$ cat data28.pdb   # PDB, C-alpha atoms and all ligand atoms
ATOM      1  CA  MET G   1      13.333  -9.564   5.355  1.00  0.00           C
ATOM      2  CA  SER G   2      10.514 -12.003   5.805  1.00  0.00           C
ATOM      3  CA  LEU G   3       7.324 -12.029   7.799  1.00  0.00           C
ATOM      4  CA  THR G   4       6.661 -13.977  10.976  1.00  0.00           C
ATOM      5  CA  GLU G   5       3.579 -16.179  11.365  1.00  0.00           C
ATOM      6  CA  LYS G   6       2.312 -13.705  13.937  1.00  0.00           C
ATOM      7  CA  GLN G   7       2.690 -10.756  11.549  1.00  0.00           C
ATOM      8  CA  ILE G   8       0.855 -12.645   8.822  1.00  0.00           C
ATOM      9  CA  GLN G   9      -1.958 -13.401  11.267  1.00  0.00           C
ATOM     10  CA  LEU G  10      -2.210  -9.790  12.478  1.00  0.00           C
ATOM     11  CA  VAL G  11      -2.280  -8.350   8.959  1.00  0.00           C
ATOM     12  CA  THR G  12      -4.778 -10.943   7.709  1.00  0.00           C
ATOM     13  CA  GLU G  13      -7.116 -10.417  10.669  1.00  0.00           C
ATOM     14  CA  SER G  14      -6.957  -6.632  10.596  1.00  0.00           C
ATOM     15  CA  TRP G  15      -7.548  -6.619   6.820  1.00  0.00           C
ATOM     16  CA  GLN G  16     -10.904  -8.358   7.423  1.00  0.00           C
ATOM     17  CA  SER G  17     -12.001  -5.218   9.290  1.00  0.00           C
ATOM     18  CA  VAL G  18     -10.861  -2.966   6.447  1.00  0.00           C
ATOM     19  CA  VAL G  19     -12.614  -4.892   3.631  1.00  0.00           C
ATOM     20  CA  PRO G  20     -16.162  -3.731   4.538  1.00  0.00           C
ATOM     21  CA  ILE G  21     -14.977  -0.101   4.658  1.00  0.00           C
ATOM     22  CA  ALA G  22     -12.580  -0.329   1.700  1.00  0.00           C
ATOM     23  CA  ASP G  23     -14.193   2.546  -0.243  1.00  0.00           C
ATOM     24  CA  THR G  24     -13.994   4.868   2.746  1.00  0.00           C
ATOM     25  CA  ALA G  25     -10.448   3.702   3.445  1.00  0.00           C
ATOM     26  CA  GLY G  26      -9.491   4.506  -0.163  1.00  0.00           C
ATOM     27  CA  LYS G  27     -10.867   8.030   0.173  1.00  0.00           C
ATOM     28  CA  LEU G  28      -9.177   8.553   3.543  1.00  0.00           C
ATOM     29  CA  PHE G  29      -5.907   7.288   2.095  1.00  0.00           C
ATOM     30  CA  TYR G  30      -5.785   9.734  -0.823  1.00  0.00           C
ATOM     31  CA  GLY G  31      -6.989  12.601   1.359  1.00  0.00           C
ATOM     32  CA  ARG G  32      -4.116  11.946   3.730  1.00  0.00           C
ATOM     33  CA  LEU G  33      -1.601  11.374   0.918  1.00  0.00           C
ATOM     34  CA  PHE G  34      -2.343  14.746  -0.702  1.00  0.00           C
ATOM     35  CA  GLU G  35      -2.267  16.426   2.713  1.00  0.00           C
ATOM     36  CA  LEU G  36       1.212  14.977   3.339  1.00  0.00           C
ATOM     37  CA  ASP G  37       2.437  15.944  -0.142  1.00  0.00           C
ATOM     38  CA  PRO G  38       0.146  18.117  -2.283  1.00  0.00           C
ATOM     39  CA  SER G  39       2.649  17.931  -5.155  1.00  0.00           C
ATOM     40  CA  LEU G  40       1.566  14.292  -5.730  1.00  0.00           C
ATOM     41  CA  ARG G  41      -2.026  15.270  -6.639  1.00  0.00           C
ATOM     42  CA  PRO G  42      -1.353  16.162 -10.315  1.00  0.00           C
ATOM     43  CA  MET G  43       0.207  12.735 -10.917  1.00  0.00           C
ATOM     44  CA  PHE G  44      -3.244  11.178 -10.564  1.00  0.00           C
ATOM     45  CA  LYS G  45      -5.134  11.753 -13.798  1.00  0.00           C
ATOM     46  CA  GLY G  46      -8.077   9.412 -13.312  1.00  0.00           C
ATOM     47  CA  ASP G  47     -11.019   9.300 -10.921  1.00  0.00           C
ATOM     48  CA  ILE G  48      -9.663   9.093  -7.393  1.00  0.00           C
ATOM     49  CA  THR G  49     -12.518   6.926  -6.072  1.00  0.00           C
ATOM     50  CA  SER G  50     -11.813   4.216  -8.624  1.00  0.00           C
ATOM     51  CA  GLN G  51      -8.091   4.626  -7.982  1.00  0.00           C
ATOM     52  CA  GLY G  52      -8.810   3.932  -4.288  1.00  0.00           C
ATOM     53  CA  LYS G  53     -10.661   0.755  -5.256  1.00  0.00           C
ATOM     54  CA  LYS G  54      -7.703  -0.418  -7.381  1.00  0.00           C
ATOM     55  CA  LEU G  55      -5.293   0.195  -4.534  1.00  0.00           C
ATOM     56  CA  MET G  56      -7.488  -1.720  -2.091  1.00  0.00           C
ATOM     57  CA  GLN G  57      -7.811  -4.587  -4.569  1.00  0.00           C
ATOM     58  CA  VAL G  58      -4.050  -4.944  -4.922  1.00  0.00           C
ATOM     59  CA  LEU G  59      -3.598  -4.771  -1.161  1.00  0.00           C
ATOM     60  CA  GLY G  60      -6.218  -7.502  -0.808  1.00  0.00           C
ATOM     61  CA  VAL G  61      -4.363  -9.694  -3.295  1.00  0.00           C
ATOM     62  CA  ALA G  62      -1.130  -9.108  -1.356  1.00  0.00           C
ATOM     63  CA  VAL G  63      -2.762  -9.926   1.986  1.00  0.00           C
ATOM     64  CA  ASN G  64      -4.121 -13.172   0.558  1.00  0.00           C
ATOM     65  CA  ALA G  65      -0.654 -14.049  -0.726  1.00  0.00           C
ATOM     66  CA  LEU G  66       1.280 -13.331   2.483  1.00  0.00           C
ATOM     67  CA  ASN G  67       2.256 -16.986   2.886  1.00  0.00           C
ATOM     68  CA  ASN G  68       3.568 -17.094  -0.677  1.00  0.00           C
ATOM     69  CA  LEU G  69       4.667 -13.595  -1.533  1.00  0.00           C
ATOM     70  CA  ASP G  70       6.959 -14.954  -4.248  1.00  0.00           C
ATOM     71  CA  ASN G  71       3.812 -15.708  -6.265  1.00  0.00           C
ATOM     72  CA  ILE G  72       2.933 -12.040  -6.637  1.00  0.00           C
ATOM     73  CA  ILE G  73       6.439 -10.684  -7.297  1.00  0.00           C
ATOM     74  CA  PRO G  74       6.000 -10.682 -11.112  1.00  0.00           C
ATOM     75  CA  ALA G  75       2.737  -8.728 -10.774  1.00  0.00           C
ATOM     76  CA  LEU G  76       4.393  -6.237  -8.401  1.00  0.00           C
ATOM     77  CA  GLU G  77       7.311  -5.832 -10.810  1.00  0.00           C
ATOM     78  CA  ASP G  78       4.972  -5.078 -13.711  1.00  0.00           C
ATOM     79  CA  MET G  79       3.082  -2.615 -11.548  1.00  0.00           C
ATOM     80  CA  ALA G  80       6.350  -0.961 -10.502  1.00  0.00           C
ATOM     81  CA  GLN G  81       7.280  -0.434 -14.135  1.00  0.00           C
ATOM     82  CA  ARG G  82       3.922   1.194 -14.839  1.00  0.00           C
ATOM     83  CA  HIS G  83       4.578   3.415 -11.806  1.00  0.00           C
ATOM     84  CA  VAL G  84       7.840   4.627 -13.314  1.00  0.00           C
ATOM     85  CA  ALA G  85       5.766   5.816 -16.283  1.00  0.00           C
ATOM     86  CA  TYR G  86       3.389   7.632 -13.876  1.00  0.00           C
ATOM     87  CA  GLY G  87       6.403   9.592 -12.635  1.00  0.00           C
ATOM     88  CA  VAL G  88       6.692   7.780  -9.278  1.00  0.00           C
ATOM     89  CA  LYS G  89      10.096   8.112  -7.583  1.00  0.00           C
ATOM     90  CA  GLU G  90      11.653   6.158  -4.716  1.00  0.00           C
ATOM     91  CA  GLU G  91      11.032   8.887  -2.150  1.00  0.00           C
ATOM     92  CA  HIS G  92       7.281   8.722  -2.848  1.00  0.00           C
ATOM     93  CA  TYR G  93       7.066   5.215  -1.385  1.00  0.00           C
ATOM     94  CA  GLU G  94       7.821   6.578   2.090  1.00  0.00           C
ATOM     95  CA  THR G  95       4.932   9.074   1.907  1.00  0.00           C
ATOM     96  CA  VAL G  96       2.534   6.451   0.540  1.00  0.00           C
ATOM     97  CA  GLY G  97       3.545   4.136   3.395  1.00  0.00           C
ATOM     98  CA  GLN G  98       2.801   6.854   5.952  1.00  0.00           C
ATOM     99  CA  ALA G  99      -0.596   7.564   4.407  1.00  0.00           C
ATOM    100  CA  LEU G 100      -1.411   3.849   4.390  1.00  0.00           C
ATOM    101  CA  LEU G 101      -0.499   3.308   8.047  1.00  0.00           C
ATOM    102  CA  TRP G 102      -2.460   6.411   9.051  1.00  0.00           C
ATOM    103  CA  THR G 103      -5.487   5.101   7.116  1.00  0.00           C
ATOM    104  CA  LEU G 104      -5.269   1.750   8.890  1.00  0.00           C
ATOM    105  CA  GLN G 105      -5.188   3.543  12.235  1.00  0.00           C
ATOM    106  CA  GLN G 106      -8.336   5.481  11.311  1.00  0.00           C
ATOM    107  CA  GLY G 107     -10.106   2.382  10.048  1.00  0.00           C
ATOM    108  CA  LEU G 108      -9.154   0.017  12.852  1.00  0.00           C
ATOM    109  CA  GLY G 109      -9.353   2.381  15.806  1.00  0.00           C
ATOM    110  CA  ASP G 110      -8.419   0.665  19.078  1.00  0.00           C
ATOM    111  CA  ALA G 111      -7.744  -2.595  17.235  1.00  0.00           C
ATOM    112  CA  CYS G 112      -4.741  -0.910  15.638  1.00  0.00           C
ATOM    113  CA  THR G 113      -2.185  -1.881  18.263  1.00  0.00           C
ATOM    114  CA  GLU G 114       1.553  -1.250  18.050  1.00  0.00           C
ATOM    115  CA  GLU G 115       1.989  -4.881  16.958  1.00  0.00           C
ATOM    116  CA  VAL G 116      -0.544  -4.466  14.134  1.00  0.00           C
ATOM    117  CA  ILE G 117       1.229  -1.334  12.911  1.00  0.00           C
ATOM    118  CA  GLU G 118       4.594  -3.101  12.994  1.00  0.00           C
ATOM    119  CA  ALA G 119       3.183  -6.036  11.039  1.00  0.00           C
ATOM    120  CA  TRP G 120       1.688  -3.747   8.371  1.00  0.00           C
ATOM    121  CA  THR G 121       4.937  -1.780   8.208  1.00  0.00           C
ATOM    122  CA  ALA G 122       6.771  -5.040   7.477  1.00  0.00           C
ATOM    123  CA  VAL G 123       4.276  -5.961   4.740  1.00  0.00           C
ATOM    124  CA  TYR G 124       4.354  -2.518   3.137  1.00  0.00           C
ATOM    125  CA  THR G 125       8.163  -2.474   3.267  1.00  0.00           C
ATOM    126  CA  LEU G 126       8.331  -5.810   1.467  1.00  0.00           C
ATOM    127  CA  ILE G 127       5.942  -4.646  -1.267  1.00  0.00           C
ATOM    128  CA  ALA G 128       7.610  -1.238  -1.619  1.00  0.00           C
ATOM    129  CA  ASN G 129      11.122  -2.729  -1.726  1.00  0.00           C
ATOM    130  CA  THR G 130      10.084  -5.201  -4.423  1.00  0.00           C
ATOM    131  CA  MET G 131       8.568  -2.357  -6.459  1.00  0.00           C
ATOM    132  CA  MET G 132      11.527   0.001  -5.940  1.00  0.00           C
ATOM    133  CA  GLU G 133      14.025  -2.679  -6.993  1.00  0.00           C
ATOM    134  CA  ALA G 134      12.042  -3.416 -10.159  1.00  0.00           C
ATOM    135  CA  ALA G 135      11.773   0.309 -10.884  1.00  0.00           C
ATOM    136  CA  ALA G 136      15.519   0.762 -10.446  1.00  0.00           C
ATOM    137  CA  GLU G 137      16.155  -2.018 -12.952  1.00  0.00           C
ATOM    138  CA  THR G 138      13.856  -0.318 -15.460  1.00  0.00           C
ATOM    139  CA  ALA G 139      15.658   3.003 -15.184  1.00  0.00           C
TER     140      ALA G 139
HETATM  141  C1  LIG U   1       2.360  -0.542  -2.231  1.00  0.00           C
HETATM  142  C2  LIG U   1       2.533   0.400  -3.153  1.00  0.00           C
HETATM  143  C3  LIG U   1       1.531   0.718  -4.236  1.00  0.00           C
HETATM  144  C4  LIG U   1       0.458   0.015  -4.695  1.00  0.00           C
HETATM  145  C5  LIG U   1      -0.068  -1.334  -4.207  1.00  0.00           C
HETATM  146  C6  LIG U   1      -0.134   0.800  -5.773  1.00  0.00           C
HETATM  147  C7  LIG U   1      -1.235   0.421  -6.525  1.00  0.00           C
HETATM  148  C8  LIG U   1      -1.659   1.044  -7.681  1.00  0.00           C
HETATM  149  C9  LIG U   1      -2.594   0.507  -8.639  1.00  0.00           C
HETATM  150  C10 LIG U   1      -3.282  -0.859  -8.496  1.00  0.00           C
HETATM  151  C11 LIG U   1      -2.759   1.404  -9.638  1.00  0.00           C
HETATM  152  C12 LIG U   1      -3.667   1.236 -10.873  1.00  0.00           C
HETATM  153  C13 LIG U   1      -2.897   1.229 -12.170  1.00  0.00           C
HETATM  154  C14 LIG U   1      -1.840   0.146 -12.282  1.00  0.00           C
HETATM  155  O1  LIG U   1      -2.010  -0.987 -11.777  1.00  0.00           O
HETATM  156  O2  LIG U   1      -0.792   0.447 -12.887  1.00  0.00           O
HETATM  157  C15 LIG U   1      -1.903   2.548  -9.317  1.00  0.00           C
HETATM  158  C16 LIG U   1      -1.781   3.680 -10.083  1.00  0.00           C
HETATM  159  C17 LIG U   1      -1.062   4.795  -9.695  1.00  0.00           C
HETATM  160  N1  LIG U   1      -0.269   4.916  -8.581  1.00  0.00           N
HETATM  161 FE1  LIG U   1       0.154   3.451  -7.266  1.00  0.00          FE
HETATM  162  N2  LIG U   1       0.565   1.974  -5.916  1.00  0.00           N
HETATM  163  C18 LIG U   1       1.586   1.955  -4.990  1.00  0.00           C
HETATM  164  C19 LIG U   1       2.520   2.961  -4.809  1.00  0.00           C
HETATM  165  C20 LIG U   1       2.457   4.208  -5.384  1.00  0.00           C
HETATM  166  C21 LIG U   1       3.325   5.309  -5.056  1.00  0.00           C
HETATM  167  C22 LIG U   1       4.484   5.287  -4.049  1.00  0.00           C
HETATM  168  C23 LIG U   1       2.919   6.367  -5.801  1.00  0.00           C
HETATM  169  C24 LIG U   1       3.528   7.745  -5.759  1.00  0.00           C
HETATM  170  C25 LIG U   1       2.803   8.826  -5.620  1.00  0.00           C
HETATM  171  C26 LIG U   1       1.816   5.915  -6.650  1.00  0.00           C
HETATM  172  C27 LIG U   1       1.154   6.667  -7.604  1.00  0.00           C
HETATM  173  C28 LIG U   1       0.292   6.164  -8.562  1.00  0.00           C
HETATM  174  C29 LIG U   1      -0.183   6.927  -9.730  1.00  0.00           C
HETATM  175  C30 LIG U   1       0.200   8.365 -10.070  1.00  0.00           C
HETATM  176  C31 LIG U   1      -1.029   6.074 -10.443  1.00  0.00           C
HETATM  177  C32 LIG U   1      -1.780   6.392 -11.750  1.00  0.00           C
HETATM  178  C33 LIG U   1      -3.066   7.084 -11.412  1.00  0.00           C
HETATM  179  C34 LIG U   1      -3.796   7.631 -12.614  1.00  0.00           C
HETATM  180  O3  LIG U   1      -3.468   7.296 -13.744  1.00  0.00           O
HETATM  181  O4  LIG U   1      -4.722   8.390 -12.364  1.00  0.00           O
HETATM  182  N3  LIG U   1       1.549   4.604  -6.348  1.00  0.00           N
HETATM  183  N4  LIG U   1      -1.257   2.298  -8.122  1.00  0.00           N
END
$ encode --input "data28.pdb" --output "structure tokens" --more "lines below"
Ligand code: HEM
Amino acid sequence: MSLTEKQIQLVTESWQSVVPIADTAGKLFYGRLFELDPSLRPMFKGDITSQGKKLMQVLGVAVNALNNLDNIIPALEDMAQRHVAYGVKEEHYETVGQALLWTLQQGLGDACTEEVIEAWTAVYTLIANTMMEAAAETA
């Protein structure tokens, strides 16, 4: 699966609206994630606000690399291996994806059109699939 020019444009543009509210978005994201699956909460040992910042940072790096996603594959693979050590399983990626899309809807409001959601779904799927494949190879 690859991204269309239009999807890259939609994700890049919408991300610009998330950047100024990244801290809030991080908090919203984890709030939603633990609402969707409270059993995930104990997996997070550190401060959740700084965890939110780390997540937003990585998403920012990915958004900036959308035209050359191959460049960030090694970093995603390393991250996936660390995630195996955190106890992350394949099925968790679905829940994280849902929480992320919900957060984008909250953050973007009316600007979060069907097309924007589809574009972000494609981006998240690419990242998650890369991570899940690397995790499977580690196992
Ligand atoms: C697009 C997918 C994801 C991204 C970009 C992402 C990003 C990150 C980043 C940047 C960190 C900081 C530590 C590190 O780099 O190793 C982290 C830690 C962590 N992530 Fe993820 N993650 C993703 C998916 C998931 C999923 C599906 C879960 C499952 C619940 C998860 C659970 C965790 C946990 C438990 C930690 C460690 C937190 C702690 O030590 O307090 N992540 N993640």
$ closest_residue --input "data28.pdb" --among "G:Asp23, G:Glu5, G:Glu114, G:Glu90" --to "ligand LIG 1 (chain U)" --atoms "all atoms listed in the file"
G:Glu90
$ resolve_selection --input "data28.pdb" --expression "the PyMOL selection byres (((chain G and resi 25) around 10) and not hetatm)" --output "list of chain:residue names"
G:Val18, G:Val19, G:Pro20, G:Ile21, G:Ala22, G:Asp23, G:Thr24, G:Gly26, G:Lys27, G:Leu28, G:Phe29, G:Tyr30, G:Gly31, G:Gly52, G:Lys53, G:Met56, G:Leu100, G:Thr103, G:Leu104, G:Gln106, G:Gly107
$ residues_around --input "data28.pdb" --residues "range 62-71 of chain G" --least-positions-apart "3" --cutoff "12 Å" --atoms "all atoms listed in the file" --output "PDB file with C-alpha atoms, keeping the file's coordinate frame"
ATOM      1  CA  MET G   1      13.333  -9.564   5.355  1.00  0.00           C
ATOM      2  CA  SER G   2      10.514 -12.003   5.805  1.00  0.00           C
ATOM      3  CA  LEU G   3       7.324 -12.029   7.799  1.00  0.00           C
ATOM      4  CA  THR G   4       6.661 -13.977  10.976  1.00  0.00           C
ATOM      5  CA  GLU G   5       3.579 -16.179  11.365  1.00  0.00           C
ATOM      6  CA  LYS G   6       2.312 -13.705  13.937  1.00  0.00           C
ATOM      7  CA  GLN G   7       2.690 -10.756  11.549  1.00  0.00           C
ATOM      8  CA  ILE G   8       0.855 -12.645   8.822  1.00  0.00           C
ATOM      9  CA  GLN G   9      -1.958 -13.401  11.267  1.00  0.00           C
ATOM     10  CA  LEU G  10      -2.210  -9.790  12.478  1.00  0.00           C
ATOM     11  CA  VAL G  11      -2.280  -8.350   8.959  1.00  0.00           C
ATOM     12  CA  THR G  12      -4.778 -10.943   7.709  1.00  0.00           C
ATOM     13  CA  GLU G  13      -7.116 -10.417  10.669  1.00  0.00           C
ATOM     14  CA  SER G  14      -6.957  -6.632  10.596  1.00  0.00           C
ATOM     15  CA  TRP G  15      -7.548  -6.619   6.820  1.00  0.00           C
ATOM     16  CA  GLN G  16     -10.904  -8.358   7.423  1.00  0.00           C
ATOM     17  CA  VAL G  18     -10.861  -2.966   6.447  1.00  0.00           C
ATOM     18  CA  VAL G  19     -12.614  -4.892   3.631  1.00  0.00           C
ATOM     19  CA  LEU G  55      -5.293   0.195  -4.534  1.00  0.00           C
ATOM     20  CA  MET G  56      -7.488  -1.720  -2.091  1.00  0.00           C
ATOM     21  CA  GLN G  57      -7.811  -4.587  -4.569  1.00  0.00           C
ATOM     22  CA  VAL G  58      -4.050  -4.944  -4.922  1.00  0.00           C
ATOM     23  CA  LEU G  59      -3.598  -4.771  -1.161  1.00  0.00           C
ATOM     24  CA  PRO G  74       6.000 -10.682 -11.112  1.00  0.00           C
ATOM     25  CA  ALA G  75       2.737  -8.728 -10.774  1.00  0.00           C
ATOM     26  CA  LEU G  76       4.393  -6.237  -8.401  1.00  0.00           C
ATOM     27  CA  GLU G  77       7.311  -5.832 -10.810  1.00  0.00           C
ATOM     28  CA  ALA G 119       3.183  -6.036  11.039  1.00  0.00           C
ATOM     29  CA  TRP G 120       1.688  -3.747   8.371  1.00  0.00           C
ATOM     30  CA  ALA G 122       6.771  -5.040   7.477  1.00  0.00           C
ATOM     31  CA  VAL G 123       4.276  -5.961   4.740  1.00  0.00           C
ATOM     32  CA  TYR G 124       4.354  -2.518   3.137  1.00  0.00           C
ATOM     33  CA  LEU G 126       8.331  -5.810   1.467  1.00  0.00           C
ATOM     34  CA  ILE G 127       5.942  -4.646  -1.267  1.00  0.00           C
ATOM     35  CA  ALA G 128       7.610  -1.238  -1.619  1.00  0.00           C
ATOM     36  CA  THR G 130      10.084  -5.201  -4.423  1.00  0.00           C
TER      37      THR G 130
END
$ residues_near_ligand --input "data28.pdb" --ligand "ligand LIG 1 (chain U)" --cutoff "8 Å" --atoms "only C-alpha atoms and all ligand atoms" --output "JSON, numbers by chain"
{"G": [40, 42, 43, 44, 45, 46, 47, 48, 51, 54, 55, 56, 57, 58, 59, 76, 79, 80, 82, 83, 86, 87, 88, 89, 90, 91, 92, 93, 94, 95, 96, 97, 124, 127, 128, 131]}
$ atom_distance --input "data28.pdb" --atom1 "CA of Leu33 in chain G" --atom2 "CA of Thr113 in chain G"
21.8 Å
$ atom_distance --input "data28.pdb" --atom1 "CA of Cys112 in chain G" --atom2 "CA of Ile72 in chain G"
26.1 Å
$ atom_distance --input "data28.pdb" --atom1 "CA of Trp102 in chain G" --atom2 "CA of Ser17 in chain G"
15.0 Å
$ axis_aligned_box --input "data28.pdb" --around "range 103-116 of chain G" --padding-each-side "4 Å" --output "AutoDock Vina command-line options"
--center_x -4.1 --center_y 0.3 --center_z 13.1 --size_x 20.1 --size_y 18.4 --size_z 20.0
